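See structure below.
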Amino acid sequence: MLYSICQSSSSSIEYDSSFKLNSKINGTQGFSSEQGTNGVTAPISHDKSSDRDFKKKKMLFKHLGNINFNCQSSSSSSSSSSKINGTQGFSGEQGSNGVAAPIRRRMSGNSNDLPNEPNMSHLGSKDYQNVYEPAQDSFLFIDALKKDVEYLKGLRPLVAVEIGSGSGFVISYLSMLLNNDGYFLSTDINPIAAMTSTRTATHNNVRLDVVNTSFLSGIDRLLGNVDVLLFNPPYVPTPSEEIEQGGIAASWAGGIDGREVIDKLLPQISNILSEKGCFYIVLVEENKPAEVVAIMKKYNFKHKVVGYRQAFNEKLYIVKFYRS
Amino acid sequence: MKILTHNMMACTKRQCVGRGFPLLLEVKDVSKLEQEFNVEFTKNIFPKLDWKGITMVAAQFNLNLGPITEKSIEDEEFLKNLYNLLCNVKVMTGQLTCPNCQRVYPIDQGIPNMLLKEDEIYQDIQPEQQQQ
């Protein structure tokens, strides 16, 4: 059954590209309606309440810019499609695994007795002023983990870690997926996010330990012992200074190409992971995923795209890196 | 913070690399968890543990693990006690102190804060560098 999904995926990627402009236009509509819903509840003076969709909004702003660019530079459809083919290179390489799932906010039915997404009813809009609210990237991430469950279970992970766990949505899901069997730990540089991760875990009967730190600093003895590492980085391209803002900005501000935080972690991966360890990361097109893959290849990591989705104007990838 | 996490931790300062553990643990408030004993897990985590840290913390909780040898890994009673210490004791409030530089890291609501201030990272190395 999986195979058939994979088969259809390659064609659906092309399908995506053929109406790229359309989807962008849809995206802009989505954007304005998004703003509408947010704007209604959030008066302009409440800057913070609009921050919660920043990771998304920042991307949309960027894409709005791209649309103008497209209109000016490419009058013919062939030139725009060649640009699209260029961006396709990455997912194309992966062949059958660039799984293009339809956009959906919630996970579909519980077909294989696998757990559904974590229950987040304990958090409200007030919490999401300080912590990134699970959005399309988070949903794609847990979808990808769910699809990769056989691999994950086969790994028999002893230690599973998420860096920058934010609301705790993804690491809690991984723990649920693996029947809470193992040692689950997460870190976040934002103290409120660290607390929120704990609350989410508790709310879902997950025994998660959380440390308020940057990456894995202060947990040195984990190095070389991590079997599954998860990272949904701050991937939004921003000016470099925004990275240092702290608070919720740490959940989205990624500096140049959205890669500055990612690039700090990549050289550490081979020291963090155990011999059998694997690393899942969320990337967007702007991060130049093919470059990330090339960097990891230097450290002898193979890769597999375990999730792909175009959500609003984000082209999201979940990429898994592993040694063998 | 579970004791297992404590066992994985070390001081974040650069000059303490390799010397910043086990962190001295001061406990104000502790919570007992009730996870079921998992033999496989305990056996697998066994070789990764720092025993100096384990014995230090065990003594603090008045837990006598007995002599620890290579054969301990086959001793079910030992493993059970070890598991309870590692996974069922959660420090909610307290602090961690680096044995090398004495830096104190607070634990609040079960979460240790290992973040250093920017100027702390090289704090004790900088004077030497400046002299050069």
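The chains in the structure tokens are called A, B, ... from first to last as shown; in each chain the residues are counted from 1, and the ligands are counted from 1 in the order shown.
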TODO: Can you pull out every residue within 8 Å of segment 46-62 of chain B, counting only C-alpha atoms, but drop anything in the same chain fewer than 5 positions away, and send it as a list in words?
DONE: Asn225 of chain A; Ile3, Asn7, Met8, Phe21, Pro22, Leu23, Leu25, Ile73 and Leu85 of chain B
Those same residues, written as a JSON list (two decimals), in the first residue's frame with all heavy atoms?
[["chain", "number", "residue", "atom", "x", "y", "z"],
["A", 225, "ASN", "N", 25.07, 8.72, 22.10],
["A", 225, "ASN", "CA", 24.07, 7.77, 22.61],
["A", 225, "ASN", "C", 22.67, 8.00, 22.08],
["A", 225, "ASN", "O", 21.74, 7.27, 22.42],
["A", 225, "ASN", "CB", 24.02, 7.85, 24.14],
["A", 225, "ASN", "CG", 25.25, 7.25, 24.77],
["A", 225, "ASN", "OD1", 25.79, 6.25, 24.30],
["A", 225, "ASN", "ND2", 25.74, 7.87, 25.84],
["B", 3, "ILE", "N", 16.80, 11.25, 37.49],
["B", 3, "ILE", "CA", 18.19, 10.98, 37.86],
["B", 3, "ILE", "C", 18.97, 10.51, 36.62],
["B", 3, "ILE", "O", 20.16, 10.78, 36.48],
["B", 3, "ILE", "CB", 18.25, 9.94, 39.00],
["B", 3, "ILE", "CG1", 17.52, 10.48, 40.24],
["B", 3, "ILE", "CG2", 19.69, 9.59, 39.34],
["B", 3, "ILE", "CD1", 18.02, 11.84, 40.74],
["B", 7, "ASN", "N", 22.45, 12.05, 35.29],
["B", 7, "ASN", "CA", 23.63, 11.24, 34.97],
["B", 7, "ASN", "C", 24.25, 11.60, 33.62],
["B", 7, "ASN", "O", 25.40, 11.28, 33.34],
["B", 7, "ASN", "CB", 23.25, 9.76, 35.01],
["B", 7, "ASN", "CG", 24.47, 8.88, 35.23],
["B", 7, "ASN", "OD1", 24.99, 8.29, 34.30],
["B", 7, "ASN", "ND2", 24.95, 8.83, 36.46],
["B", 8, "MET", "N", 23.46, 12.25, 32.77],
["B", 8, "MET", "CA", 23.94, 12.61, 31.43],
["B", 8, "MET", "C", 24.48, 14.04, 31.40],
["B", 8, "MET", "O", 24.99, 14.49, 30.38],
["B", 8, "MET", "CB", 22.80, 12.49, 30.41],
["B", 8, "MET", "CG", 22.23, 11.10, 30.26],
["B", 8, "MET", "SD", 23.47, 10.01, 29.55],
["B", 8, "MET", "CE", 22.90, 8.40, 30.12],
["B", 21, "PHE", "N", 31.46, 16.98, 35.77],
["B", 21, "PHE", "CA", 30.44, 16.03, 36.23],
["B", 21, "PHE", "C", 31.06, 15.00, 37.17],
["B", 21, "PHE", "O", 32.26, 14.82, 37.14],
["B", 21, "PHE", "CB", 29.78, 15.36, 35.02],
["B", 21, "PHE", "CG", 30.66, 14.38, 34.30],
["B", 21, "PHE", "CD1", 30.66, 13.03, 34.65],
["B", 21, "PHE", "CD2", 31.51, 14.79, 33.28],
["B", 21, "PHE", "CE1", 31.48, 12.14, 33.98],
["B", 21, "PHE", "CE2", 32.33, 13.90, 32.62],
["B", 21, "PHE", "CZ", 32.31, 12.57, 32.97],
["B", 22, "PRO", "N", 30.29, 14.30, 37.98],
["B", 22, "PRO", "CA", 28.84, 14.55, 38.15],
["B", 22, "PRO", "C", 28.58, 15.87, 38.86],
["B", 22, "PRO", "O", 29.31, 16.27, 39.75],
["B", 22, "PRO", "CB", 28.40, 13.37, 39.02],
["B", 22, "PRO", "CG", 29.62, 12.90, 39.72],
["B", 22, "PRO", "CD", 30.77, 13.21, 38.82],
["B", 23, "LEU", "N", 27.51, 16.52, 38.41],
["B", 23, "LEU", "CA", 27.09, 17.76, 39.05],
["B", 23, "LEU", "C", 26.55, 17.43, 40.45],
["B", 23, "LEU", "O", 25.80, 16.46, 40.61],
["B", 23, "LEU", "CB", 26.00, 18.43, 38.22],
["B", 23, "LEU", "CG", 26.41, 18.93, 36.83],
["B", 23, "LEU", "CD1", 25.18, 19.25, 35.99],
["B", 23, "LEU", "CD2", 27.31, 20.15, 36.92],
["B", 25, "LEU", "N", 24.19, 17.47, 43.36],
["B", 25, "LEU", "CA", 22.73, 17.63, 43.32],
["B", 25, "LEU", "C", 22.20, 18.03, 44.68],
["B", 25, "LEU", "O", 22.48, 17.38, 45.69],
["B", 25, "LEU", "CB", 22.10, 16.30, 42.86],
["B", 25, "LEU", "CG", 20.58, 16.22, 42.88],
["B", 25, "LEU", "CD1", 19.95, 17.20, 41.90],
["B", 25, "LEU", "CD2", 20.13, 14.80, 42.55],
["B", 73, "ILE", "N", 24.80, -6.44, 36.13],
["B", 73, "ILE", "CA", 23.87, -6.34, 35.01],
["B", 73, "ILE", "C", 22.97, -7.58, 34.91],
["B", 73, "ILE", "O", 21.91, -7.54, 34.26],
["B", 73, "ILE", "CB", 24.62, -6.08, 33.67],
["B", 73, "ILE", "CG1", 23.67, -5.56, 32.59],
["B", 73, "ILE", "CG2", 25.38, -7.33, 33.21],
["B", 73, "ILE", "CD1", 24.35, -4.95, 31.40],
["B", 85, "LEU", "N", 15.65, 4.27, 40.65],
["B", 85, "LEU", "CA", 16.43, 5.48, 40.90],
["B", 85, "LEU", "C", 16.50, 6.35, 39.64],
["B", 85, "LEU", "O", 16.28, 7.55, 39.67],
["B", 85, "LEU", "CB", 17.84, 5.11, 41.37],
["B", 85, "LEU", "CG", 18.79, 6.29, 41.63],
["B", 85, "LEU", "CD1", 18.31, 7.11, 42.83],
["B", 85, "LEU", "CD2", 20.22, 5.82, 41.84]]
Each chain B residue no farther than 6 Å from chain A, nearest pair in Å, only C-alpha atoms, as JSON lines:
{"residue": "B:Met1", "atom": "CA", "partner": "A:Asp209", "partner_atom": "CA", "distance": 6.0}
{"residue": "B:Met8", "atom": "CA", "partner": "A:Arg221", "partner_atom": "CA", "distance": 4.5}
{"residue": "B:Met9", "atom": "CA", "partner": "A:Ile219", "partner_atom": "CA", "distance": 4.1}
{"residue": "B:Ala10", "atom": "CA", "partner": "A:Gly218", "partner_atom": "CA", "distance": 5.1}
{"residue": "B:Cys11", "atom": "CA", "partner": "A:Gly218", "partner_atom": "CA", "distance": 5.6}
{"residue": "B:Thr12", "atom": "CA", "partner": "A:Gly218", "partner_atom": "CA", "distance": 4.7}
{"residue": "B:Ile111", "atom": "CA", "partner": "A:Val211", "partner_atom": "CA", "distance": 5.4}
{"residue": "B:Pro112", "atom": "CA", "partner": "A:Val211", "partner_atom": "CA", "distance": 5.4}
{"residue": "B:Asn113", "atom": "CA", "partner": "A:Asn212", "partner_atom": "CA", "distance": 4.7}
{"residue": "B:Met114", "atom": "CA", "partner": "A:Thr213", "partner_atom": "CA", "distance": 5.2}
{"residue": "B:Leu115", "atom": "CA", "partner": "A:Thr213", "partner_atom": "CA", "distance": 5.2}
- [ ] Would you mind writing down, as a VMD selection string, each residue of chain B that DSSP on the backbone assigns to alpha helix (DSSP H)?
- [x] chain B and resid 3 to 8 39 to 45 51 to 60 76 to 87 126 to 131
Task: Expected answer as number ranges by chain: strand (DSSP E) residues in chain B - done: B: 24-32, 89-97, 104-108, 111-112
How about saving the chosen residues, N, CA, C and O atoms kept, as a compact mmCIF listing (two decimals), in the first residue's frame?
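out03.txt written:
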# COMPACT_ATOMS: atom_id res chain seq x y z
N LEU B 24 26.95 18.22 41.42
CA LEU B 24 26.44 18.01 42.78
C LEU B 24 24.96 18.35 42.78
O LEU B 24 24.56 19.38 42.25
N LEU B 25 24.19 17.47 43.36
CA LEU B 25 22.73 17.63 43.32
C LEU B 25 22.20 18.03 44.68
O LEU B 25 22.48 17.38 45.69
N GLU B 26 21.46 19.12 44.71
CA GLU B 26 20.79 19.55 45.93
C GLU B 26 19.29 19.47 45.66
O GLU B 26 18.80 20.10 44.72
N VAL B 27 18.60 18.70 46.48
CA VAL B 27 17.19 18.45 46.22
C VAL B 27 16.31 19.17 47.24
O VAL B 27 16.50 19.02 48.45
N LYS B 28 15.38 19.98 46.76
CA LYS B 28 14.42 20.61 47.68
C LYS B 28 13.08 19.88 47.61
O LYS B 28 12.42 19.70 48.61
N ASP B 29 12.73 19.48 46.40
CA ASP B 29 11.43 18.85 46.23
C ASP B 29 11.56 17.75 45.18
O ASP B 29 12.14 17.97 44.11
N VAL B 30 11.03 16.57 45.52
CA VAL B 30 11.17 15.46 44.59
C VAL B 30 9.82 14.81 44.35
O VAL B 30 8.95 14.82 45.22
N SER B 31 9.63 14.29 43.14
CA SER B 31 8.36 13.64 42.84
C SER B 31 8.64 12.19 42.44
O SER B 31 9.59 11.91 41.71
N LYS B 32 7.83 11.27 42.95
CA LYS B 32 8.02 9.86 42.63
C LYS B 32 7.13 9.47 41.45
O LYS B 32 5.94 9.74 41.48
N VAL B 89 12.50 8.63 40.01
CA VAL B 89 12.76 9.76 40.91
C VAL B 89 12.93 11.00 40.04
O VAL B 89 13.81 11.04 39.19
N LYS B 90 12.06 11.96 40.24
CA LYS B 90 12.15 13.18 39.44
C LYS B 90 12.35 14.38 40.37
O LYS B 90 11.50 14.65 41.23
N VAL B 91 13.47 15.04 40.20
CA VAL B 91 13.75 16.22 41.03
C VAL B 91 12.97 17.40 40.47
O VAL B 91 13.13 17.78 39.32
N MET B 92 12.08 17.94 41.28
CA MET B 92 11.24 19.05 40.82
C MET B 92 11.87 20.41 41.11
O MET B 92 11.82 21.32 40.30
N THR B 93 12.42 20.54 42.31
CA THR B 93 13.07 21.79 42.67
C THR B 93 14.41 21.48 43.31
O THR B 93 14.53 20.52 44.07
N GLY B 94 15.41 22.27 43.00
CA GLY B 94 16.72 22.06 43.57
C GLY B 94 17.76 22.78 42.77
O GLY B 94 17.46 23.73 42.04
N GLN B 95 19.00 22.33 42.90
CA GLN B 95 20.03 22.93 42.07
C GLN B 95 21.19 21.98 41.82
O GLN B 95 21.38 20.99 42.53
N LEU B 96 21.93 22.29 40.78
CA LEU B 96 23.08 21.50 40.40
C LEU B 96 24.31 22.40 40.51
O LEU B 96 24.26 23.56 40.12
N THR B 97 25.39 21.85 41.06
CA THR B 97 26.61 22.66 41.18
C THR B 97 27.77 21.94 40.51
O THR B 97 27.99 20.74 40.72
N VAL B 104 26.34 27.34 39.66
CA VAL B 104 25.08 26.73 40.12
C VAL B 104 24.03 26.82 39.02
O VAL B 104 23.81 27.87 38.43
N TYR B 105 23.40 25.68 38.74
CA TYR B 105 22.32 25.63 37.76
C TYR B 105 21.02 25.30 38.49
O TYR B 105 20.91 24.23 39.11
N PRO B 106 20.05 26.18 38.42
CA PRO B 106 18.80 25.92 39.15
C PRO B 106 17.90 24.88 38.47
O PRO B 106 17.92 24.75 37.24
N ILE B 107 17.16 24.16 39.30
CA ILE B 107 16.12 23.26 38.78
C ILE B 107 14.79 23.79 39.30
O ILE B 107 14.60 23.90 40.50
N ASP B 108 13.91 24.11 38.37
CA ASP B 108 12.62 24.67 38.78
C ASP B 108 11.52 23.95 38.01
O ASP B 108 11.63 23.77 36.79
N ILE B 111 12.60 21.28 35.68
CA ILE B 111 13.41 21.60 34.52
C ILE B 111 14.72 22.27 34.93
O ILE B 111 14.70 23.38 35.48
N PRO B 112 15.86 21.62 34.69
CA PRO B 112 17.13 22.29 34.96
C PRO B 112 17.42 23.34 33.90
O PRO B 112 17.14 23.13 32.72
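The shell of residues at most 7 Å from segment 142-151 of chain A, with only C-alpha atoms counted and near chain neighbours (fewer than 4 positions) removed, consists of Ser138, Leu155, Val170, Tyr173, Val306, Gly307 and Ile318 of chain A.
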Can I get the selection written as a tab-separated table (two decimals), in the first residue's frame, with C-alpha atoms?
chain	number	residue	atom	x	y	z
A	138	SER	CA	4.57	20.14	13.00
A	155	LEU	CA	15.66	0.64	15.47
A	170	VAL	CA	6.36	16.24	18.20
A	173	TYR	CA	3.96	12.03	19.59
A	306	VAL	CA	10.17	10.95	4.52
A	307	GLY	CA	7.70	13.77	4.15
A	318	ILE	CA	11.03	16.09	6.45
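Among the candidates A:Asn180, A:Asn119, A:Thr238, A:Ser324, the residue lying nearest to Lys276 of chain A is A:Ser324 (atoms considered: only C-alpha atoms).
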